[in-house]
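Shown next, in structure tokens, is the structure this report addresses.
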Number of protein chains: 2
Amino acid sequence: MTGTPPAATLTPVFSALADDTRWQILAELGRAELSASGLAAILPVSRQAIAKHLAVLAEVGLVEPVRVGREVRYRALGARLAETARALETIGAQWDRRLAAIKRLAETP
Amino acid sequence: MTGTPPAATLTPVFSALADDTRWQILAELGRAELSASGLAAILPVSRQAIAKHLAVLAEVGLVEPVRVGREVRYRALGARLAETARALETIGAQWDRRLAAIKRLAETP
DNA sequence: TACGGGTGCAACTAGCGAGTTGCACTCAAG
DNA sequence: CTTGAGTGCAACTCGCTAGTTGCACCCGTA
């Protein structure tokens with residue numbers, strides 16, 4: 001059931017993105033597909049910690065597991081990021097639109 | 001010196017957005033400028049908790065304090081959201097671009 | 001088949017963050 | 001001047017999360 005929810009709530013995505021280690025992981029996965037062990041060889045944290053981070057990222061659809069032989073590599077998915085970006089842009093535009101309307105109203109003689 | 005940094009790191013912004021209560025606050029502020037006490041009258045948390053949240057949001061430039069008489073109202077700023085949205089979109093596009101390049105390479109006979 | 005790199009599950013610790021209560025101060029309005 | 005609504009600071013609790021270590025299992029390869 002956790003297949004590919006379009007964008008249930010966006011809070012979990014931000015929660016997933018609110019961690020430096022996860023951003024390091026995402027940066028590496030954006031460069032090349034890597035397994036948890038491969039990432040652990042690069043980043044200064046244990047393999048299990050990385051595995052947990054990957055689970056979090058996969059949960060919100062930011063990465064996707066890919067079986068290669070007997071290892072599980074992960075791929076960074078830009079779609080979810082773009083989706084989140086559009087949501088943010090919409091909300092921010094609403095705020096600014098309201099502000100502009102108030103300003104216009106105040107300048108009306 | 002914490003005036004208006006363009007976009008130091010984006011992790012703190014996501015950290016600020018990774019909380020439901022803060023989103024409720026932002027939603028209210030997007031509707032109208034309110035003080036901490038005003039928000040506390042609406043949301044089911046104490047005024048001090050809201051004050052902390054407002055401090056966090058102001059720290060990353062998502063809200064802005066506005067003195068009105070003896071109270072301090074807060075205004076939601078869409079600019080930071082739009083800025084963050086653009087950063088996300090750029091990163092996501094990079095990932096997808098790399099994937100597309102690999103796919104194209106694999107289909108080359 | 002025997003080996004070993006890779007993965008997954010579980011228990012545990014430490015620290016950060018959200019929330020609360022209590023108190024003191026300030027300043028606009030009566 | 002007096003009042004009280006609004007704000008700010010501080011100490012405290014509690015739950016979540018990042019990180020660790022240890023162990024068991026699986027499966028591709030030599």
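All residue names refer to the structure tokens as shown: chains lettered A, B, ... in order, residues numbered from 1 in each chain, ligands numbered from 1 in order.
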
Taking only residues of chain A that have an atom at most 8 Å from an atom of chain D, what is each one's shortest atom pair and its distance in Å to one decimal, using only C-alpha atoms (C1' of nucleotides), in chain and number order, as CSV?
```
residue,atom,partner,partner_atom,distance
A:Val45,CA,D:DG19,C1',7.9
A:Ser46,CA,D:DT20,C1',7.9
A:Ala49,CA,D:DG19,C1',6.4
A:Gly69,CA,D:DG28,C1',7.5
A:Arg70,CA,D:DG28,C1',6.7
```

Using only C-alpha atoms (C1' of nucleotides), what table do you get, as a tab-separated table, when you list each residue of chain B with an atom no more than 12 Å from chain C, its nearest pair of atoms, and their distance in Å rounded to one decimal, rows by chain then rising number?
```
residue	atom	partner	partner_atom	distance
B:Ser15	CA	C:DG17	C1'	10.7
B:Ala16	CA	C:DG17	C1'	11.3
B:Ala18	CA	C:DG17	C1'	11.6
B:Asp19	CA	C:DA18	C1'	9.4
B:Asp20	CA	C:DA18	C1'	11.0
B:Thr21	CA	C:DA18	C1'	9.6
B:Arg22	CA	C:DA18	C1'	10.9
B:Pro44	CA	C:DG19	C1'	11.1
B:Val45	CA	C:DG19	C1'	7.9
B:Ser46	CA	C:DT20	C1'	7.8
B:Arg47	CA	C:DT20	C1'	10.3
B:Gln48	CA	C:DT20	C1'	8.8
B:Ala49	CA	C:DG19	C1'	6.3
B:Ile50	CA	C:DG19	C1'	9.7
B:Ala51	CA	C:DG19	C1'	11.6
B:Lys52	CA	C:DA18	C1'	9.3
B:His53	CA	C:DA18	C1'	9.2
B:Val56	CA	C:DG17	C1'	11.5
B:Val68	CA	C:DA28	C1'	11.0
B:Gly69	CA	C:DA28	C1'	7.3
B:Arg70	CA	C:DA28	C1'	6.5
B:Glu71	CA	C:DA28	C1'	9.9
```

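If you look at CA of Glu28 (chain A) and CA of Gly61 (chain B), they are 28.5 Å away from each other.
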
Using only C-alpha atoms, find the residues of chain A whose closest atom to chain B is at most 12 Å away, then write them as a tab-separated table (two decimals) with all heavy atoms, in the first residue's frame.
```tsv
chain	number	residue	atom	x	y	z
A	9	THR	N	1.11	13.71	2.48
A	9	THR	CA	1.45	14.95	3.15
A	9	THR	C	2.89	15.25	2.81
A	9	THR	O	3.66	14.36	2.48
A	9	THR	CB	1.28	14.82	4.67
A	9	THR	OG1	1.69	13.53	5.07
A	9	THR	CG2	-0.14	15.05	5.08
A	10	LEU	N	3.26	16.47	2.87
A	10	LEU	CA	4.62	16.83	2.50
A	10	LEU	C	5.53	16.93	3.71
A	10	LEU	O	6.74	17.01	3.56
A	10	LEU	CB	4.65	18.11	1.68
A	10	LEU	CG	4.15	19.42	2.28
A	10	LEU	CD1	4.43	20.54	1.30
A	10	LEU	CD2	2.67	19.37	2.59
A	11	THR	N	4.96	16.88	4.90
A	11	THR	CA	5.79	16.96	6.10
A	11	THR	C	6.80	15.82	6.18
A	11	THR	O	7.97	16.07	6.49
A	11	THR	CB	4.91	16.98	7.35
A	11	THR	OG1	3.96	18.04	7.24
A	11	THR	CG2	5.76	17.22	8.58
A	12	PRO	N	6.43	14.57	5.93
A	12	PRO	CA	7.42	13.49	6.00
A	12	PRO	C	8.59	13.69	5.03
A	12	PRO	O	9.72	13.32	5.34
A	12	PRO	CB	6.61	12.25	5.64
A	12	PRO	CG	5.21	12.60	5.97
A	12	PRO	CD	5.08	14.05	5.69
A	13	VAL	N	8.31	14.25	3.89
A	13	VAL	CA	9.38	14.49	2.92
A	13	VAL	C	10.38	15.49	3.50
A	13	VAL	O	11.60	15.29	3.43
A	13	VAL	CB	8.81	15.02	1.60
A	13	VAL	CG1	9.92	15.26	0.60
A	13	VAL	CG2	7.80	14.05	1.04
A	14	PHE	N	9.87	16.56	4.10
A	14	PHE	CA	10.75	17.55	4.69
A	14	PHE	C	11.50	16.95	5.87
A	14	PHE	O	12.69	17.24	6.08
A	14	PHE	CB	9.97	18.77	5.14
A	14	PHE	CG	9.40	19.53	4.01
A	14	PHE	CD1	8.07	19.90	3.99
A	14	PHE	CD2	10.19	19.88	2.93
A	14	PHE	CE1	7.54	20.59	2.93
A	14	PHE	CE2	9.67	20.58	1.85
A	14	PHE	CZ	8.34	20.94	1.87
A	15	SER	N	10.83	16.10	6.61
A	15	SER	CA	11.50	15.43	7.72
A	15	SER	C	12.67	14.58	7.20
A	15	SER	O	13.74	14.54	7.80
A	15	SER	CB	10.50	14.56	8.46
A	15	SER	OG	11.07	14.03	9.62
A	16	ALA	N	12.44	13.94	6.05
A	16	ALA	CA	13.50	13.13	5.46
A	16	ALA	C	14.64	14.00	4.96
A	16	ALA	O	15.81	13.61	5.00
A	16	ALA	CB	12.94	12.29	4.32
A	17	LEU	N	14.32	15.18	4.50
A	17	LEU	CA	15.33	16.08	3.94
A	17	LEU	C	16.00	16.94	5.01
A	17	LEU	O	16.91	17.70	4.71
A	17	LEU	CB	14.69	16.99	2.89
A	17	LEU	CG	14.21	16.31	1.62
A	17	LEU	CD1	13.52	17.30	0.71
A	17	LEU	CD2	15.36	15.64	0.90
A	18	ALA	N	15.56	16.81	6.24
A	18	ALA	CA	16.09	17.66	7.31
A	18	ALA	C	17.25	17.00	8.04
A	18	ALA	O	17.40	17.15	9.24
A	18	ALA	CB	14.97	18.00	8.30
A	19	ASP	N	18.06	16.27	7.31
A	19	ASP	CA	19.19	15.57	7.93
A	19	ASP	C	20.40	15.66	7.01
A	19	ASP	O	20.31	15.33	5.82
A	19	ASP	CB	18.82	14.12	8.20
A	19	ASP	CG	19.90	13.40	8.99
A	19	ASP	OD1	20.91	13.00	8.38
A	19	ASP	OD2	19.74	13.24	10.21
A	20	ASP	N	21.52	16.08	7.56
A	20	ASP	CA	22.72	16.27	6.73
A	20	ASP	C	23.24	14.96	6.16
A	20	ASP	O	23.65	14.90	5.00
A	20	ASP	CB	23.81	16.95	7.57
A	20	ASP	CG	23.53	18.44	7.75
A	20	ASP	OD1	23.23	19.10	6.75
A	20	ASP	OD2	23.62	18.92	8.89
A	21	THR	N	23.24	13.92	7.00
A	21	THR	CA	23.72	12.63	6.51
A	21	THR	C	22.90	12.15	5.33
A	21	THR	O	23.44	11.64	4.34
A	21	THR	CB	23.65	11.59	7.63
A	21	THR	OG1	24.42	12.05	8.75
A	21	THR	CG2	24.21	10.26	7.16
A	22	ARG	N	21.58	12.34	5.41
A	22	ARG	CA	20.74	11.91	4.29
A	22	ARG	C	21.04	12.72	3.04
A	22	ARG	O	20.99	12.20	1.92
A	22	ARG	CB	19.27	12.00	4.68
A	22	ARG	CG	18.81	10.81	5.50
A	22	ARG	CD	17.29	10.70	5.53
A	22	ARG	NE	16.69	11.63	6.48
A	22	ARG	CZ	16.43	11.30	7.74
A	22	ARG	NH1	16.70	10.11	8.20
A	22	ARG	NH2	15.88	12.18	8.56
A	23	TRP	N	21.36	13.99	3.21
A	23	TRP	CA	21.73	14.79	2.03
A	23	TRP	C	23.04	14.31	1.43
A	23	TRP	O	23.20	14.30	0.20
A	23	TRP	CB	21.83	16.26	2.40
A	23	TRP	CG	20.52	16.97	2.25
A	23	TRP	CD1	19.71	17.40	3.25
A	23	TRP	CD2	19.87	17.32	1.03
A	23	TRP	NE1	18.58	17.99	2.73
A	23	TRP	CE2	18.65	17.95	1.37
A	23	TRP	CE3	20.17	17.14	-0.32
A	23	TRP	CZ2	17.75	18.42	0.41
A	23	TRP	CZ3	19.28	17.61	-1.28
A	23	TRP	CH2	18.09	18.23	-0.90
A	24	GLN	N	23.97	13.91	2.28
A	24	GLN	CA	25.21	13.34	1.75
A	24	GLN	C	24.91	12.08	0.96
A	24	GLN	O	25.47	11.85	-0.12
A	24	GLN	CB	26.17	13.02	2.91
A	24	GLN	CG	26.70	14.26	3.61
A	24	GLN	CD	27.67	13.92	4.72
A	24	GLN	OE1	28.22	12.83	4.78
A	24	GLN	NE2	27.90	14.87	5.62
A	26	LEU	N	22.10	11.35	-0.51
A	26	LEU	CA	21.43	11.73	-1.75
A	26	LEU	C	22.43	12.28	-2.76
A	26	LEU	O	22.31	12.02	-3.96
A	26	LEU	CB	20.35	12.77	-1.45
A	26	LEU	CG	19.10	12.24	-0.76
A	26	LEU	CD1	18.14	13.38	-0.42
A	26	LEU	CD2	18.39	11.21	-1.64
A	27	ALA	N	23.41	13.03	-2.27
A	27	ALA	CA	24.42	13.58	-3.18
A	27	ALA	C	25.19	12.46	-3.86
A	27	ALA	O	25.42	12.50	-5.07
A	27	ALA	CB	25.36	14.50	-2.41
A	28	GLU	N	25.55	11.45	-3.08
A	28	GLU	CA	26.29	10.32	-3.66
A	28	GLU	C	25.41	9.55	-4.64
A	28	GLU	O	25.86	9.16	-5.72
A	28	GLU	CB	26.79	9.39	-2.54
A	28	GLU	CG	27.80	10.03	-1.62
A	28	GLU	CD	29.08	10.41	-2.34
A	28	GLU	OE1	29.41	9.76	-3.35
A	28	GLU	OE2	29.75	11.37	-1.91
A	29	LEU	N	24.17	9.32	-4.25
A	29	LEU	CA	23.27	8.57	-5.14
A	29	LEU	C	22.94	9.38	-6.39
A	29	LEU	O	22.63	8.81	-7.44
A	29	LEU	CB	21.98	8.21	-4.39
A	29	LEU	CG	22.15	7.21	-3.24
A	29	LEU	CD1	20.80	6.85	-2.66
A	29	LEU	CD2	22.88	5.97	-3.71
A	30	GLY	N	23.00	10.68	-6.29
A	30	GLY	CA	22.78	11.51	-7.47
A	30	GLY	C	23.93	11.39	-8.45
A	30	GLY	O	23.78	11.67	-9.64
A	31	ARG	N	25.09	10.97	-7.92
A	31	ARG	CA	26.26	10.82	-8.77
A	31	ARG	C	26.32	9.43	-9.38
A	31	ARG	O	26.73	9.26	-10.53
A	31	ARG	CB	27.52	11.10	-7.94
A	31	ARG	CG	28.76	11.36	-8.74
A	31	ARG	CD	29.89	11.85	-7.85
A	31	ARG	NE	29.54	13.07	-7.15
A	31	ARG	CZ	29.62	13.25	-5.83
A	31	ARG	NH1	30.04	12.27	-5.07
A	31	ARG	NH2	29.27	14.39	-5.29
A	32	ALA	N	25.92	8.43	-8.57
A	32	ALA	CA	25.94	7.05	-9.06
A	32	ALA	C	25.11	6.18	-8.13
A	32	ALA	O	25.00	6.48	-6.94
A	32	ALA	CB	27.37	6.53	-9.14
A	33	GLU	N	24.56	5.10	-8.66
A	33	GLU	CA	23.80	4.17	-7.84
A	33	GLU	C	24.76	3.39	-6.95
A	33	GLU	O	25.76	2.87	-7.43
A	33	GLU	CB	23.00	3.22	-8.72
A	33	GLU	CG	21.98	3.94	-9.59
A	33	GLU	CD	21.25	2.98	-10.51
A	33	GLU	OE1	21.48	1.77	-10.38
A	33	GLU	OE2	20.46	3.45	-11.35
A	62	LEU	N	11.98	9.17	-2.24
A	62	LEU	CA	13.12	9.96	-2.73
A	62	LEU	C	14.19	9.07	-3.35
A	62	LEU	O	14.99	9.54	-4.16
A	62	LEU	CB	13.72	10.79	-1.60
A	62	LEU	CG	12.92	12.04	-1.23
A	62	LEU	CD1	13.45	12.67	0.05
A	62	LEU	CD2	13.01	13.06	-2.36
A	63	VAL	N	14.24	7.80	-2.96
A	63	VAL	CA	15.15	6.85	-3.58
A	63	VAL	C	14.39	5.56	-3.89
A	63	VAL	O	13.26	5.36	-3.40
A	63	VAL	CB	16.36	6.53	-2.67
A	63	VAL	CG1	17.14	7.80	-2.35
A	63	VAL	CG2	15.90	5.84	-1.41
A	75	ARG	N	18.82	4.25	-6.09
A	75	ARG	CA	18.80	5.28	-7.13
A	75	ARG	C	18.01	6.48	-6.65
A	75	ARG	O	16.94	6.35	-6.07
A	75	ARG	CB	18.15	4.68	-8.38
A	75	ARG	CG	17.60	5.68	-9.36
A	75	ARG	CD	16.79	4.96	-10.42
A	75	ARG	NE	17.57	3.89	-11.04
A	75	ARG	CZ	17.02	2.91	-11.77
A	75	ARG	NH1	15.72	2.85	-11.92
A	75	ARG	NH2	17.78	1.99	-12.31
A	76	ALA	N	18.56	7.67	-6.87
A	76	ALA	CA	17.89	8.91	-6.45
A	76	ALA	C	16.79	9.26	-7.45
A	76	ALA	O	17.02	9.26	-8.66
A	76	ALA	CB	18.90	10.04	-6.34
A	77	LEU	N	15.61	9.56	-6.94
A	77	LEU	CA	14.47	9.89	-7.81
A	77	LEU	C	14.19	11.39	-7.76
A	77	LEU	O	13.84	11.94	-6.73
A	77	LEU	CB	13.24	9.12	-7.35
A	77	LEU	CG	13.35	7.60	-7.40
A	77	LEU	CD1	12.08	6.96	-6.86
A	77	LEU	CD2	13.63	7.12	-8.81
A	78	GLY	N	14.35	12.03	-8.89
A	78	GLY	CA	14.12	13.48	-8.94
A	78	GLY	C	12.66	13.85	-8.98
A	78	GLY	O	12.29	14.99	-8.66
A	79	ALA	N	11.80	12.90	-9.32
A	79	ALA	CA	10.38	13.22	-9.48
A	79	ALA	C	9.78	13.75	-8.18
A	79	ALA	O	9.08	14.76	-8.18
A	79	ALA	CB	9.62	11.98	-9.94
A	80	ARG	N	10.08	13.07	-7.06
A	80	ARG	CA	9.51	13.49	-5.80
A	80	ARG	C	10.00	14.88	-5.42
A	80	ARG	O	9.25	15.69	-4.88
A	80	ARG	CB	9.87	12.49	-4.71
A	80	ARG	CG	9.10	12.68	-3.44
A	80	ARG	CD	7.61	12.79	-3.65
A	80	ARG	NE	6.82	11.91	-2.81
A	80	ARG	CZ	6.16	10.88	-3.26
A	80	ARG	NH1	6.17	10.58	-4.54
A	80	ARG	NH2	5.45	10.14	-2.46
A	81	LEU	N	11.25	15.16	-5.71
A	81	LEU	CA	11.78	16.49	-5.41
A	81	LEU	C	11.04	17.55	-6.21
A	81	LEU	O	10.63	18.58	-5.67
A	81	LEU	CB	13.27	16.54	-5.73
A	81	LEU	CG	14.24	16.19	-4.62
A	81	LEU	CD1	15.63	16.70	-4.96
A	81	LEU	CD2	13.79	16.75	-3.30
A	82	ALA	N	10.86	17.29	-7.48
A	82	ALA	CA	10.18	18.26	-8.34
A	82	ALA	C	8.75	18.48	-7.85
A	82	ALA	O	8.25	19.62	-7.81
A	82	ALA	CB	10.19	17.77	-9.78
A	83	GLU	N	8.12	17.37	-7.46
A	83	GLU	CA	6.75	17.45	-6.96
A	83	GLU	C	6.67	18.34	-5.72
A	83	GLU	O	5.83	19.25	-5.63
A	83	GLU	CB	6.31	16.02	-6.60
A	83	GLU	CG	4.84	15.83	-6.41
A	83	GLU	CD	4.57	14.36	-6.11
A	83	GLU	OE1	5.48	13.53	-6.36
A	83	GLU	OE2	3.48	14.05	-5.62
A	84	THR	N	7.58	18.10	-4.79
A	84	THR	CA	7.64	18.91	-3.57
A	84	THR	C	7.92	20.37	-3.90
A	84	THR	O	7.32	21.28	-3.32
A	84	THR	CB	8.72	18.36	-2.64
A	84	THR	OG1	8.50	16.97	-2.44
A	84	THR	CG2	8.69	19.08	-1.31
A	85	ALA	N	8.82	20.59	-4.84
A	85	ALA	CA	9.17	21.96	-5.23
A	85	ALA	C	7.94	22.71	-5.74
A	85	ALA	O	7.71	23.87	-5.37
A	85	ALA	CB	10.26	21.92	-6.30
A	86	ARG	N	7.14	22.03	-6.53
A	86	ARG	CA	5.95	22.69	-7.07
A	86	ARG	C	4.96	23.03	-5.97
A	86	ARG	O	4.32	24.10	-5.99
A	86	ARG	CB	5.29	21.79	-8.12
A	86	ARG	CG	6.05	21.77	-9.43
A	86	ARG	CD	5.26	21.03	-10.48
A	86	ARG	NE	3.86	21.45	-10.53
A	86	ARG	CZ	2.90	20.78	-11.13
A	86	ARG	NH1	3.18	19.64	-11.73
A	86	ARG	NH2	1.67	21.22	-11.14
A	87	ALA	N	4.83	22.13	-5.00
A	87	ALA	CA	3.93	22.41	-3.88
A	87	ALA	C	4.39	23.65	-3.12
A	87	ALA	O	3.58	24.53	-2.79
A	87	ALA	CB	3.87	21.20	-2.94
A	88	LEU	N	5.70	23.73	-2.87
A	88	LEU	CA	6.23	24.88	-2.14
A	88	LEU	C	5.98	26.17	-2.91
A	88	LEU	O	5.56	27.18	-2.34
A	88	LEU	CB	7.73	24.69	-1.92
A	88	LEU	CG	8.16	23.72	-0.84
A	88	LEU	CD1	9.65	23.82	-0.59
A	88	LEU	CD2	7.39	23.99	0.43
A	89	GLU	N	6.25	26.10	-4.19
A	89	GLU	CA	6.10	27.31	-4.99
A	89	GLU	C	4.65	27.82	-4.96
A	89	GLU	O	4.40	29.02	-4.85
A	89	GLU	CB	6.52	27.01	-6.44
A	89	GLU	CG	6.67	28.22	-7.30
A	89	GLU	CD	8.04	28.26	-7.96
A	89	GLU	OE1	8.75	27.24	-7.92
A	89	GLU	OE2	8.40	29.31	-8.50
A	90	THR	N	3.72	26.88	-5.02
A	90	THR	CA	2.31	27.26	-4.99
A	90	THR	C	1.95	27.95	-3.68
A	90	THR	O	1.31	29.01	-3.67
A	90	THR	CB	1.43	26.00	-5.17
A	90	THR	OG1	1.76	25.39	-6.42
A	90	THR	CG2	-0.04	26.38	-5.15
A	91	ILE	N	2.38	27.35	-2.58
A	91	ILE	CA	2.04	27.91	-1.28
A	91	ILE	C	2.65	29.30	-1.12
A	91	ILE	O	1.99	30.25	-0.70
A	91	ILE	CB	2.52	26.97	-0.17
A	91	ILE	CG1	1.80	25.64	-0.27
A	91	ILE	CG2	2.29	27.60	1.20
A	91	ILE	CD1	2.31	24.59	0.68
A	92	GLY	N	3.94	29.40	-1.46
A	92	GLY	CA	4.60	30.69	-1.33
A	92	GLY	C	3.95	31.77	-2.17
A	92	GLY	O	3.81	32.92	-1.75
A	93	ALA	N	3.52	31.38	-3.37
A	93	ALA	CA	2.86	32.34	-4.25
A	93	ALA	C	1.56	32.85	-3.62
A	93	ALA	O	1.23	34.03	-3.72
A	93	ALA	CB	2.59	31.69	-5.60
A	94	GLN	N	0.86	31.93	-2.96
A	94	GLN	CA	-0.39	32.33	-2.29
A	94	GLN	C	-0.13	33.40	-1.25
A	94	GLN	O	-0.84	34.40	-1.17
A	94	GLN	CB	-1.05	31.12	-1.64
A	94	GLN	CG	-1.99	30.35	-2.56
A	94	GLN	CD	-2.67	29.23	-1.82
A	94	GLN	OE1	-2.05	28.50	-1.07
A	94	GLN	NE2	-3.96	29.07	-2.05
A	95	TRP	N	0.90	33.18	-0.44
A	95	TRP	CA	1.22	34.16	0.61
A	95	TRP	C	1.51	35.52	-0.01
A	95	TRP	O	0.95	36.53	0.43
A	95	TRP	CB	2.43	33.70	1.41
A	95	TRP	CG	2.23	32.43	2.17
A	95	TRP	CD1	1.04	31.79	2.36
A	95	TRP	CD2	3.22	31.65	2.83
A	95	TRP	NE1	1.24	30.65	3.09
A	95	TRP	CE2	2.56	30.54	3.40
A	95	TRP	CE3	4.59	31.77	3.00
A	95	TRP	CZ2	3.25	29.57	4.13
A	95	TRP	CZ3	5.26	30.81	3.72
A	95	TRP	CH2	4.59	29.73	4.28
A	96	ASP	N	2.37	35.50	-0.98
A	96	ASP	CA	2.76	36.78	-1.58
A	96	ASP	C	1.58	37.45	-2.27
A	96	ASP	O	1.47	38.67	-2.29
A	96	ASP	CB	3.89	36.55	-2.59
A	96	ASP	CG	5.21	36.25	-1.89
A	96	ASP	OD1	5.24	36.39	-0.66
A	96	ASP	OD2	6.18	35.89	-2.56
A	97	ARG	N	0.70	36.64	-2.83
A	97	ARG	CA	-0.47	37.20	-3.50
A	97	ARG	C	-1.37	37.93	-2.51
A	97	ARG	O	-1.85	39.03	-2.75
A	97	ARG	CB	-1.25	36.08	-4.20
A	97	ARG	CG	-2.30	36.55	-5.14
A	97	ARG	CD	-2.42	35.63	-6.36
A	97	ARG	NE	-2.23	34.23	-6.00
A	97	ARG	CZ	-3.19	33.44	-5.55
A	97	ARG	NH1	-4.39	33.92	-5.37
A	97	ARG	NH2	-2.95	32.18	-5.29
A	98	ARG	N	-1.54	37.30	-1.33
A	98	ARG	CA	-2.35	37.94	-0.31
A	98	ARG	C	-1.72	39.25	0.14
A	98	ARG	O	-2.39	40.29	0.26
A	98	ARG	CB	-2.51	37.02	0.90
A	98	ARG	CG	-3.50	37.53	1.93
A	98	ARG	CD	-3.45	36.68	3.18
A	98	ARG	NE	-2.17	36.79	3.84
A	98	ARG	CZ	-1.85	37.77	4.70
A	98	ARG	NH1	-2.73	38.72	4.98
A	98	ARG	NH2	-0.67	37.80	5.28
A	99	LEU	N	-0.42	39.22	0.34
A	99	LEU	CA	0.28	40.43	0.75
A	99	LEU	C	0.13	41.54	-0.28
A	99	LEU	O	-0.12	42.70	0.06
A	99	LEU	CB	1.77	40.14	0.96
A	99	LEU	CG	2.19	39.79	2.37
A	99	LEU	CD1	3.70	39.74	2.47
A	99	LEU	CD2	1.63	40.81	3.34
A	100	ALA	N	0.26	41.19	-1.54
A	100	ALA	CA	0.15	42.18	-2.61
A	100	ALA	C	-1.24	42.79	-2.62
A	100	ALA	O	-1.43	44.00	-2.79
A	100	ALA	CB	0.47	41.53	-3.96
A	101	ALA	N	-2.25	41.95	-2.38
A	101	ALA	CA	-3.62	42.44	-2.37
A	101	ALA	C	-3.82	43.44	-1.24
A	101	ALA	O	-4.45	44.49	-1.42
A	101	ALA	CB	-4.59	41.26	-2.22
A	102	ILE	N	-3.28	43.13	-0.08
A	102	ILE	CA	-3.40	44.04	1.06
A	102	ILE	C	-2.72	45.36	0.76
A	102	ILE	O	-3.25	46.44	1.01
A	102	ILE	CB	-2.79	43.39	2.32
A	102	ILE	CG1	-3.66	42.24	2.77
A	102	ILE	CG2	-2.64	44.42	3.43
A	102	ILE	CD1	-3.12	41.52	3.98
```

If you run DSSP on this backbone, which residues of chain A come out as alpha helix (DSSP H), and could you give them as a ChimeraX atom specification? /A:11-17,20-31,36-42,47-59,78-106

Please indicate the distance in Å from CA of Ala55 (chain B) to CA of Val60 (chain A), rounded to one decimal place.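 Going from CA of Ala55 (chain B) over to CA of Val60 (chain A), I get 27.8 Å.
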
Measure the distance from CA of Ser35 (chain B) to CA of Ala106 (chain A) in Å and round it to one decimal.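 A separation of 20.7 Å between them.
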
Any chance you could list, as a VMD selection string, the residues in region 44-101 of chain A that come up strand (DSSP E or B) when DSSP is run on the backbone? chain A and resid 63 to 68 71 to 76
